[in-house]
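Contents: one structure, followed by commentary.
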Amino acid sequence: MLSRRDFARLTAFAGTAALFPGRLEVDAAPLPSTPADPGEPFWREVRSRFLLPRDLNFLNAANLCPASLPSIEALDRNLRRYEASPSPEVRADLMAKGREKSRGLLAEALRVTPEEIVITRNTTEGNNVVSSGLDLKSGDEVVVWSDNHPSNLNAWRLKAARFGFTVVSVPTPPSHPGADGYVDLFTKAFTPRTRLVAITHVSSNSGDVLPAAEICAAARSRGIMSLVDGAQAFGALDLDLAAMKPDFYTGSMHKWPCGPKEKGLLYVNRAVHDRIHPSVVGVYAGAVGISRTLETHGQRDDASVAAVTDALEFQASIGRPAIERRVRELGQALMEGLKKLPDVKLWTDPTPSRSAAIVIFQPGSLDVRKLGAALTVDRIVCTTRGGDHNPGLRFAPHFYNTMDEIDAAVGAIKKYLARGV
Ligand SMILES: Cc1ncc(COP(=O)(O)O)c(C=O)c1O
């Protein structure tokens with residue numbers, strides 16, 4: 001946790017950063033308003049609202065994101081206030097007002113109502129609240145995508161074994177089928193016994209963006225509920241759940257929204273409020289709608305729940321459409337650069353409508369483990385992927401990255417392809 005003095009010290013670095021390239025350039029001042037067509041100077045301003053050192057090329061958003069400075073400051077402020085006086089008044093203020101403000105902003109970010117939002121620990125918990133909370137029994141089927149995260153795949157299998165329903169897995173296609181292909185893939189698996197379809201909005205294993213609205217509509221028209229895992233979409237894409245109309249949608253604050261760790265959301269469409277039961281029953285319920293029953297988790301980290309507000313306000317101040325355009329622009333630049341390199345096999349579909357900012361590729365015949373280690377020395381942070389499914393590297397840039405970092409990442413891959421690792 002940073003003290004005010006730490007912030008002052010870090011902020012002081014901003015002035016000397018030009019003298020010490022690579023040193024921290026941290027600036028806690030409010031951002032200038034987002035230009036209509038923001039260029040690199042604006043995105044460098046955004047970068048300076050993160051504690052990431054300038055020389056650290058952080059391309060691992062799909063795994064975990066750094067918290068933005070406003071959310072770190074809020075965490076610090078809230079926690080100090082709490083610990084200085086853990087009185088019922090301060091608790092009530094942070095817990096009741098702070099938590100409900102966070103809920104309101106989550107609803108705003110998703111274009112739904114606060115009555116439909118549960119503040120969870122993370123996407124994993126949200127997915128499991130759904131698979132544990134529905135009345136599913138023998139004869140019922142749940143269609144899942146085999147590419148889903150374990151919390152939306154293994155969790156369904158485990159609960160099927162316990163409650164007696166059946167899980168039907170839709171295999172990951174060998175090549176990108178596109179929007180119509182994906183809708184086809186899932187609708188073919190629907191039967192009169194299907195009760196729910198569980199998908200992933202943006203795949204962390206391929207980068208594919210699924211046509212979530214179309215799949216949810218196809219399900220709805222057959223009386224089938226839908227669960228969309230938005231771990232890789234919330235905070236990167238400008239979401240509109242009122243248009244998508246899933247029954248359930250899940251996400252994590254510590255990924256693309258750059259918020260406090262171990263905070264997440266579960267959206268429950270009001271149409272299915274009477275179909276889901278709580279798995280955890282306690283006290284200190286949320287104040288409105290479905291949070292009254294699904295969010296009774298007892299004592300929580302109220303300081304951190306309240307800091308969700310500041311992370312979301314920071315993204316809203318930049319503008320969610322601008323953030324989506326930027327992450328897509330970075331993803332496209334990365335793929336353009338990588339495509340030009342000999343022997344690079346791009347696993348992610350570069351078609352702009354089919355992917356966003358998760359880029360997975362095989363760097364020729366280079367040993368990926370050794371390459372990952374070499375990139376760490378180059379101060380590039382990414383994920384290495386073993387196994388048979390899209391092996392290689394995953395780069396996931398976000399709105400704190402600059403174009404020179406994209407160039408540097410492509411340059412590093414080019415260097416190692418030419419000389420080996
Ligand atoms: C698609 C998807 N769902 C769920 C998760 C789990 O997220 P969390 O650990 O925040 O619950 C991940 C993590 O990478 C993911 O990629």
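Ligands are numbered from 1 in the order shown, residues from 1 within each chain, and chains are lettered A, B, ... in the order they appear in the structure tokens.
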Selection near Asp184 (chain A), 12 Å with only C-alpha atoms, sequence-local residues under 6 positions removed, as a ChimeraX atom specification: /A:170,173,177-178,190,210-211,214-215,218-219
Please give the complete set of residues from region 72-150 of chain A that DSSP, run on the backbone, assigns to alpha helix (DSSP H), formatted as a PyMOL selection string. chain A and resi 72-84+88-91+99-110+123-133
Take the residues just selected and output them with N, CA and C atoms as a compact mmCIF listing (two decimals), in the first residue's frame.
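And here's out-v3.txt as it stands now:
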```
# COMPACT_ATOMS: atom_id res chain seq x y z
N ILE A 72 -5.56 2.27 -7.04
CA ILE A 72 -4.58 2.03 -5.96
C ILE A 72 -4.73 3.11 -4.87
N GLU A 73 -4.89 4.33 -5.32
CA GLU A 73 -5.05 5.44 -4.36
C GLU A 73 -6.33 5.25 -3.54
N ALA A 74 -7.39 4.81 -4.21
CA ALA A 74 -8.67 4.61 -3.50
C ALA A 74 -8.54 3.49 -2.48
N LEU A 75 -7.85 2.41 -2.88
CA LEU A 75 -7.63 1.29 -1.95
C LEU A 75 -6.90 1.79 -0.71
N ASP A 76 -5.86 2.57 -0.93
CA ASP A 76 -5.05 3.11 0.15
C ASP A 76 -5.90 4.01 1.06
N ARG A 77 -6.63 4.91 0.42
CA ARG A 77 -7.46 5.87 1.16
C ARG A 77 -8.54 5.14 1.98
N ASN A 78 -9.23 4.22 1.31
CA ASN A 78 -10.33 3.52 1.99
C ASN A 78 -9.81 2.68 3.16
N LEU A 79 -8.70 2.00 2.90
CA LEU A 79 -8.16 1.12 3.93
C LEU A 79 -7.70 1.92 5.15
N ARG A 80 -7.02 3.03 4.90
CA ARG A 80 -6.55 3.87 6.01
C ARG A 80 -7.73 4.41 6.83
N ARG A 81 -8.77 4.79 6.10
CA ARG A 81 -9.94 5.32 6.79
C ARG A 81 -10.58 4.24 7.67
N TYR A 82 -10.64 3.08 7.12
CA TYR A 82 -11.25 1.94 7.80
C TYR A 82 -10.44 1.57 9.04
N GLU A 83 -9.14 1.44 8.84
CA GLU A 83 -8.30 0.96 9.95
C GLU A 83 -8.13 2.02 11.03
N ALA A 84 -8.28 3.28 10.65
CA ALA A 84 -8.17 4.35 11.66
C ALA A 84 -9.42 4.36 12.54
N PRO A 88 -18.86 1.30 13.39
CA PRO A 88 -20.04 0.99 12.58
C PRO A 88 -20.32 2.07 11.54
N GLU A 89 -20.01 3.34 11.88
CA GLU A 89 -20.30 4.43 10.93
C GLU A 89 -19.43 4.31 9.68
N VAL A 90 -18.13 4.12 9.91
CA VAL A 90 -17.21 4.02 8.75
C VAL A 90 -17.55 2.77 7.94
N ARG A 91 -17.81 1.68 8.66
CA ARG A 91 -18.18 0.44 7.94
C ARG A 91 -19.43 0.64 7.11
N ARG A 99 -20.10 0.15 -1.53
CA ARG A 99 -20.41 -1.05 -2.31
C ARG A 99 -21.53 -0.76 -3.31
N GLU A 100 -22.52 -0.02 -2.87
CA GLU A 100 -23.65 0.25 -3.78
C GLU A 100 -23.25 1.19 -4.91
N LYS A 101 -22.30 2.10 -4.62
CA LYS A 101 -21.81 2.97 -5.70
C LYS A 101 -21.06 2.12 -6.74
N SER A 102 -20.25 1.18 -6.24
CA SER A 102 -19.54 0.28 -7.16
C SER A 102 -20.54 -0.52 -8.00
N ARG A 103 -21.61 -0.97 -7.36
CA ARG A 103 -22.62 -1.74 -8.10
C ARG A 103 -23.25 -0.87 -9.20
N GLY A 104 -23.54 0.38 -8.83
CA GLY A 104 -24.15 1.30 -9.81
C GLY A 104 -23.24 1.50 -11.02
N LEU A 105 -21.94 1.63 -10.74
CA LEU A 105 -21.01 1.85 -11.86
C LEU A 105 -20.79 0.59 -12.69
N LEU A 106 -20.82 -0.56 -12.03
CA LEU A 106 -20.73 -1.82 -12.79
C LEU A 106 -21.93 -1.92 -13.74
N ALA A 107 -23.10 -1.58 -13.21
CA ALA A 107 -24.31 -1.63 -14.04
C ALA A 107 -24.20 -0.66 -15.22
N GLU A 108 -23.68 0.52 -14.92
CA GLU A 108 -23.53 1.54 -15.97
C GLU A 108 -22.56 1.05 -17.06
N ALA A 109 -21.44 0.44 -16.61
CA ALA A 109 -20.43 -0.03 -17.57
C ALA A 109 -21.01 -1.12 -18.49
N LEU A 110 -21.96 -1.87 -17.97
CA LEU A 110 -22.54 -2.98 -18.75
C LEU A 110 -23.86 -2.61 -19.40
N THR A 123 -14.40 -13.97 -11.83
CA THR A 123 -15.19 -14.68 -12.85
C THR A 123 -15.45 -16.12 -12.41
N THR A 124 -14.43 -16.73 -11.84
CA THR A 124 -14.55 -18.12 -11.37
C THR A 124 -15.74 -18.26 -10.45
N GLU A 125 -15.85 -17.35 -9.49
CA GLU A 125 -16.95 -17.45 -8.53
C GLU A 125 -18.29 -17.23 -9.25
N GLY A 126 -18.35 -16.23 -10.11
CA GLY A 126 -19.60 -15.95 -10.83
C GLY A 126 -20.06 -17.17 -11.62
N ASN A 127 -19.15 -17.78 -12.35
CA ASN A 127 -19.51 -18.97 -13.15
C ASN A 127 -20.05 -20.07 -12.24
N ASN A 128 -19.40 -20.24 -11.09
CA ASN A 128 -19.81 -21.31 -10.17
C ASN A 128 -21.12 -21.02 -9.44
N VAL A 129 -21.39 -19.75 -9.19
CA VAL A 129 -22.69 -19.39 -8.58
C VAL A 129 -23.80 -19.85 -9.51
N VAL A 130 -23.57 -19.71 -10.82
CA VAL A 130 -24.60 -20.13 -11.79
C VAL A 130 -24.71 -21.65 -11.82
N SER A 131 -23.57 -22.34 -11.98
CA SER A 131 -23.67 -23.81 -12.15
C SER A 131 -24.14 -24.50 -10.86
N SER A 132 -23.93 -23.85 -9.70
CA SER A 132 -24.41 -24.45 -8.44
C SER A 132 -25.84 -24.04 -8.12
N GLY A 133 -26.30 -22.94 -8.72
CA GLY A 133 -27.54 -22.33 -8.23
C GLY A 133 -28.79 -22.62 -9.02
```
Which chain A residues have any atom within 9 Å of an atom of ligand 1, and for each, what is the nearest pair of atoms with distance in Å to one decimal, counting only C-alpha atoms and all ligand atoms, rows sorted by chain and number, as JSON lines?
```
{"residue": "A:Ala62", "atom": "CA", "partner": "ligand 1", "partner_atom_place_in_ligand_line": "14 (O)", "distance": 6.1}
{"residue": "A:Asn63", "atom": "CA", "partner": "ligand 1", "partner_atom_place_in_ligand_line": "14 (O)", "distance": 5.2}
{"residue": "A:Leu64", "atom": "CA", "partner": "ligand 1", "partner_atom_place_in_ligand_line": "14 (O)", "distance": 7.6}
{"residue": "A:Arg121", "atom": "CA", "partner": "ligand 1", "partner_atom_place_in_ligand_line": "11 (O)", "distance": 7.5}
{"residue": "A:Asn122", "atom": "CA", "partner": "ligand 1", "partner_atom_place_in_ligand_line": "11 (O)", "distance": 4.2}
{"residue": "A:Thr123", "atom": "CA", "partner": "ligand 1", "partner_atom_place_in_ligand_line": "11 (O)", "distance": 3.8}
{"residue": "A:Thr124", "atom": "CA", "partner": "ligand 1", "partner_atom_place_in_ligand_line": "11 (O)", "distance": 3.7}
{"residue": "A:Glu125", "atom": "CA", "partner": "ligand 1", "partner_atom_place_in_ligand_line": "11 (O)", "distance": 6.4}
{"residue": "A:Gly126", "atom": "CA", "partner": "ligand 1", "partner_atom_place_in_ligand_line": "11 (O)", "distance": 8.0}
{"residue": "A:Asn127", "atom": "CA", "partner": "ligand 1", "partner_atom_place_in_ligand_line": "4 (C)", "distance": 8.1}
{"residue": "A:Asp147", "atom": "CA", "partner": "ligand 1", "partner_atom_place_in_ligand_line": "1 (C)", "distance": 8.5}
{"residue": "A:Asn148", "atom": "CA", "partner": "ligand 1", "partner_atom_place_in_ligand_line": "1 (C)", "distance": 6.2}
{"residue": "A:His149", "atom": "CA", "partner": "ligand 1", "partner_atom_place_in_ligand_line": "3 (N)", "distance": 4.8}
{"residue": "A:Pro150", "atom": "CA", "partner": "ligand 1", "partner_atom_place_in_ligand_line": "4 (C)", "distance": 7.5}
{"residue": "A:Ser151", "atom": "CA", "partner": "ligand 1", "partner_atom_place_in_ligand_line": "4 (C)", "distance": 6.4}
{"residue": "A:Asn152", "atom": "CA", "partner": "ligand 1", "partner_atom_place_in_ligand_line": "3 (N)", "distance": 7.2}
{"residue": "A:Ile199", "atom": "CA", "partner": "ligand 1", "partner_atom_place_in_ligand_line": "1 (C)", "distance": 9.0}
{"residue": "A:Thr200", "atom": "CA", "partner": "ligand 1", "partner_atom_place_in_ligand_line": "1 (C)", "distance": 5.8}
{"residue": "A:His201", "atom": "CA", "partner": "ligand 1", "partner_atom_place_in_ligand_line": "1 (C)", "distance": 7.5}
{"residue": "A:Val202", "atom": "CA", "partner": "ligand 1", "partner_atom_place_in_ligand_line": "1 (C)", "distance": 6.7}
{"residue": "A:Ser203", "atom": "CA", "partner": "ligand 1", "partner_atom_place_in_ligand_line": "1 (C)", "distance": 5.8}
{"residue": "A:Ser204", "atom": "CA", "partner": "ligand 1", "partner_atom_place_in_ligand_line": "16 (O)", "distance": 4.9}
{"residue": "A:Asn205", "atom": "CA", "partner": "ligand 1", "partner_atom_place_in_ligand_line": "16 (O)", "distance": 7.9}
{"residue": "A:Asp229", "atom": "CA", "partner": "ligand 1", "partner_atom_place_in_ligand_line": "3 (N)", "distance": 5.8}
{"residue": "A:Gly230", "atom": "CA", "partner": "ligand 1", "partner_atom_place_in_ligand_line": "1 (C)", "distance": 6.6}
{"residue": "A:Ala231", "atom": "CA", "partner": "ligand 1", "partner_atom_place_in_ligand_line": "2 (C)", "distance": 4.8}
{"residue": "A:Gln232", "atom": "CA", "partner": "ligand 1", "partner_atom_place_in_ligand_line": "1 (C)", "distance": 5.7}
{"residue": "A:Ala233", "atom": "CA", "partner": "ligand 1", "partner_atom_place_in_ligand_line": "1 (C)", "distance": 8.7}
{"residue": "A:Thr250", "atom": "CA", "partner": "ligand 1", "partner_atom_place_in_ligand_line": "4 (C)", "distance": 8.3}
{"residue": "A:Gly251", "atom": "CA", "partner": "ligand 1", "partner_atom_place_in_ligand_line": "10 (O)", "distance": 7.1}
{"residue": "A:Ser252", "atom": "CA", "partner": "ligand 1", "partner_atom_place_in_ligand_line": "10 (O)", "distance": 4.9}
{"residue": "A:Met253", "atom": "CA", "partner": "ligand 1", "partner_atom_place_in_ligand_line": "10 (O)", "distance": 7.6}
{"residue": "A:His254", "atom": "CA", "partner": "ligand 1", "partner_atom_place_in_ligand_line": "10 (O)", "distance": 6.7}
{"residue": "A:Lys255", "atom": "CA", "partner": "ligand 1", "partner_atom_place_in_ligand_line": "10 (O)", "distance": 6.8}
{"residue": "A:Lys261", "atom": "CA", "partner": "ligand 1", "partner_atom_place_in_ligand_line": "10 (O)", "distance": 8.5}
{"residue": "A:Glu262", "atom": "CA", "partner": "ligand 1", "partner_atom_place_in_ligand_line": "10 (O)", "distance": 7.1}
{"residue": "A:Lys263", "atom": "CA", "partner": "ligand 1", "partner_atom_place_in_ligand_line": "10 (O)", "distance": 8.1}
{"residue": "A:Gly264", "atom": "CA", "partner": "ligand 1", "partner_atom_place_in_ligand_line": "10 (O)", "distance": 7.2}
```
Could you pull the residues within 6 Å of region 344-352 of chain A, counting only C-alpha atoms, minus those fewer than 4 positions along the same chain, as a ChimeraX atom specification? /A:206-207,359-364
Written selection (C-alpha atoms) as a PDB file, in the first residue's frame:
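The new file again_2.pdb reads:
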```pdb
ATOM      1  CA  SER A 206      -7.327 -18.410 -29.508  1.00  0.00           C
ATOM      2  CA  GLY A 207      -8.270 -14.719 -29.213  1.00  0.00           C
ATOM      3  CA  VAL A 359      -2.735 -12.420 -29.993  1.00  0.00           C
ATOM      4  CA  ILE A 360      -1.432 -15.997 -30.006  1.00  0.00           C
ATOM      5  CA  PHE A 361       1.262 -17.198 -32.390  1.00  0.00           C
ATOM      6  CA  GLN A 362       3.941 -19.803 -32.932  1.00  0.00           C
ATOM      7  CA  PRO A 363       7.379 -18.248 -33.424  1.00  0.00           C
ATOM      8  CA  GLY A 364       8.765 -20.697 -36.013  1.00  0.00           C
TER       9      GLY A 364
END
```
Can you list, as a PyMOL selection string, every residue of region 152-294 of chain A that DSSP puts in strand (DSSP E)? chain A and resi 166-170+194-200+225-229+248-252+264-268
Can you pull out the residues contacting Leu330 (chain A)? Cut-off 9 Å, using only C-alpha atoms, and skip same-chain residues under 3 positions away; I want them as a PyMOL selection string. chain A and resi 325-327+333-335+356-357+397-399+401-403+406
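The gap separating CA of Asn60 (chain A) from CA of Ile117 (chain A) is 27.5 Å, in Å to one decimal.
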With distances taken over only C-alpha atoms, which of A:Val268, A:Glu45, A:Lys415, A:Glu295 is nearest to Val283 (chain A)?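 Counting only C-alpha atoms, the residue closest to Val283 (chain A) is A:Glu295.
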With distances taken over only C-alpha atoms, which residue among A:Pro114, A:Gly331, A:Gly387, A:Gly392 lies nearest Asn269 (chain A)? A:Pro114
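Minimum distance to Ser33 (chain A) across A:Thr187, A:Thr384, A:Ser317, A:Thr120 (counting only C-alpha atoms) occurs at A:Ser317.
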